[in-house]
Amino acid sequence: MIDTILVSLAVTAGVIALAGVPLRCWQFASGQFRSQIPPHALARATFRLFAFLILVPNALAWTYAVYIVHHYYTCVGACAQEWAGTAIAIGMLGCAYVLFEGFLLTARYRPKPRRAAANR
């Protein structure tokens, strides 16, 4: 039962990622995240490094998922196992996309400034 829930969640995230990954790639390419990164050099360098390390597998998983879906729809003959390959590809894309969105949430997080002790 738990396995079915986890697989269905991964596939659902993968279906969302089919639209989300190209959007995030476009946002990175256009530089929309630059203003949201803290201004010090270490934060910018780590954001660039980890964004690249996470964005590339997302783009590869998206390309593979689109290829598998295309392959399924152009299959002629015995294609019974194609749905399993499609679910696996979209599930992998979903897992990679969830990690990517988690990275973006933590990378763009700015803690609220602390109040002075006298203002409490």
# chains A, B, ... in the order shown; residues from 1 in each chain; ligands from 1

$ residues_around --residues "Val11 of chain A" --least-positions-apart "2" --cutoff "8 Å" --atoms "only C-alpha atoms" --output "compact mmCIF listing (two decimals) with N, CA and C atoms, in the first residue's frame"
# COMPACT_ATOMS: atom_id res chain seq x y z
N VAL A 7 4.75 5.64 -5.35
CA VAL A 7 4.86 5.65 -6.81
C VAL A 7 3.87 6.64 -7.41
N SER A 8 2.65 6.66 -6.90
CA SER A 8 1.66 7.60 -7.44
C SER A 8 2.05 9.05 -7.15
N LEU A 9 2.65 9.31 -6.00
CA LEU A 9 3.13 10.66 -5.71
C LEU A 9 4.27 11.06 -6.64
N ALA A 13 4.11 14.10 -9.29
CA ALA A 13 5.13 15.15 -9.34
C ALA A 13 5.78 15.20 -10.72
N GLY A 14 5.94 14.05 -11.36
CA GLY A 14 6.50 14.01 -12.71
C GLY A 14 5.60 14.67 -13.73
N VAL A 15 4.30 14.49 -13.59
CA VAL A 15 3.37 15.14 -14.51
C VAL A 15 3.44 16.66 -14.33
N ALA A 87 5.81 5.26 -16.86
CA ALA A 87 5.61 5.57 -15.44
C ALA A 87 6.94 5.71 -14.71
N ILE A 88 7.90 4.87 -15.05
CA ILE A 88 9.22 4.96 -14.41
C ILE A 88 9.91 6.25 -14.80
N ILE A 90 8.57 9.11 -15.87
CA ILE A 90 7.90 10.27 -15.29
C ILE A 90 8.08 10.29 -13.78
N GLY A 91 8.14 9.13 -13.14
CA GLY A 91 8.42 9.07 -11.70
C GLY A 91 9.81 9.56 -11.36
N MET A 92 10.80 9.19 -12.18
CA MET A 92 12.17 9.69 -11.96
C MET A 92 12.22 11.21 -12.14
N GLY A 94 9.77 13.23 -11.62
CA GLY A 94 9.10 13.80 -10.45
C GLY A 94 10.01 13.88 -9.24

$ closest_atom_pairs --of "segment 20-92 of chain A" --to "segment 96-105 of chain A" --cutoff "8 Å" --atoms "only C-alpha atoms" --output "JSON lines"
{"residue": "A:Gly20", "atom": "CA", "partner": "A:Tyr97", "partner_atom": "CA", "distance": 8.0}
{"residue": "A:Val21", "atom": "CA", "partner": "A:Tyr97", "partner_atom": "CA", "distance": 7.2}
{"residue": "A:Ala51", "atom": "CA", "partner": "A:Phe103", "partner_atom": "CA", "distance": 8.0}
{"residue": "A:Ile54", "atom": "CA", "partner": "A:Phe100", "partner_atom": "CA", "distance": 6.1}
{"residue": "A:Leu55", "atom": "CA", "partner": "A:Phe100", "partner_atom": "CA", "distance": 7.2}
{"residue": "A:Pro57", "atom": "CA", "partner": "A:Ala96", "partner_atom": "CA", "distance": 7.2}
{"residue": "A:Asn58", "atom": "CA", "partner": "A:Ala96", "partner_atom": "CA", "distance": 5.8}
{"residue": "A:Ala61", "atom": "CA", "partner": "A:Ala96", "partner_atom": "CA", "distance": 7.7}
{"residue": "A:Met92", "atom": "CA", "partner": "A:Ala96", "partner_atom": "CA", "distance": 6.3}

$ write_last_selection --atoms "C-alpha atoms" --output "PDB file, in the first residue's frame"
ATOM      1  CA  GLY A  20       7.770  22.933 -14.367  1.00  0.00           C
ATOM      2  CA  VAL A  21      11.214  21.928 -15.619  1.00  0.00           C
ATOM      3  CA  ALA A  51      21.681  24.962  -9.494  1.00  0.00           C
ATOM      4  CA  ILE A  54      20.479  19.897 -10.026  1.00  0.00           C
ATOM      5  CA  LEU A  55      19.219  21.555 -13.216  1.00  0.00           C
ATOM      6  CA  PRO A  57      19.710  16.000 -14.236  1.00  0.00           C
ATOM      7  CA  ASN A  58      16.252  17.604 -14.317  1.00  0.00           C
ATOM      8  CA  ALA A  61      15.133  13.397 -16.945  1.00  0.00           C
ATOM      9  CA  MET A  92      12.170   9.694 -11.958  1.00  0.00           C
TER      10      MET A  92
END

$ atom_distance --atom1 "atom CA of Val69 of chain A" --atom2 "atom CA of Leu18 of chain A"
11.1 Å

$ residues_around --residues "Ala107 of chain A" --least-positions-apart "5" --cutoff "9 Å" --atoms "only C-alpha atoms" --output "JSON list (two decimals) with C-alpha atoms, in the first residue's frame"
[["chain", "number", "residue", "atom", "x", "y", "z"],
["A", 36, "GLN", "CA", 16.64, 36.65, -4.85],
["A", 37, "ILE", "CA", 20.07, 35.26, -3.95],
["A", 38, "PRO", "CA", 21.85, 36.85, -0.97],
["A", 43, "ALA", "CA", 26.04, 32.39, -1.67],
["A", 47, "PHE", "CA", 23.80, 28.78, -5.88],
["A", 102, "GLY", "CA", 13.40, 21.99, -2.45]]

$ atom_distance --atom1 "atom CA of Cys95 of chain A" --atom2 "atom CA of Thr12 of chain A"
9.9 Å

$ select_by_dssp --residues "segment 4-109 of chain A" --states "helix (DSSP H, G or I)" --output "number ranges by chain"
A: 4-30, 34-36, 41-73, 82-107

$ closest_residue --among "A:Ala84, A:Leu93, A:Ala59, A:Val76" --to "Arg24 of chain A" --atoms "only C-alpha atoms"
A:Ala59

$ closest_residue --among "A:Val56, A:Leu6, A:Ala41, A:Met1" --to "Phe28 of chain A" --atoms "only C-alpha atoms"
A:Val56

$ closest_residue --among "A:Thr86, A:Leu60, A:Ala19, A:Phe50" --to "Tyr72 of chain A" --atoms "only C-alpha atoms"
A:Thr86

$ closest_residue --among "A:Ala45, A:Leu23, A:Ile5, A:Ala89" --to "Trp62 of chain A" --atoms "only C-alpha atoms"
A:Ala89

$ closest_residue --among "A:Ala17, A:Gly77, A:Thr46, A:Phe33" --to "Ala65 of chain A" --atoms "only C-alpha atoms"
A:Ala17

$ atom_distance --atom1 "atom CA of Leu49 of chain A" --atom2 "atom CA of Thr106 of chain A"
14.5 Å
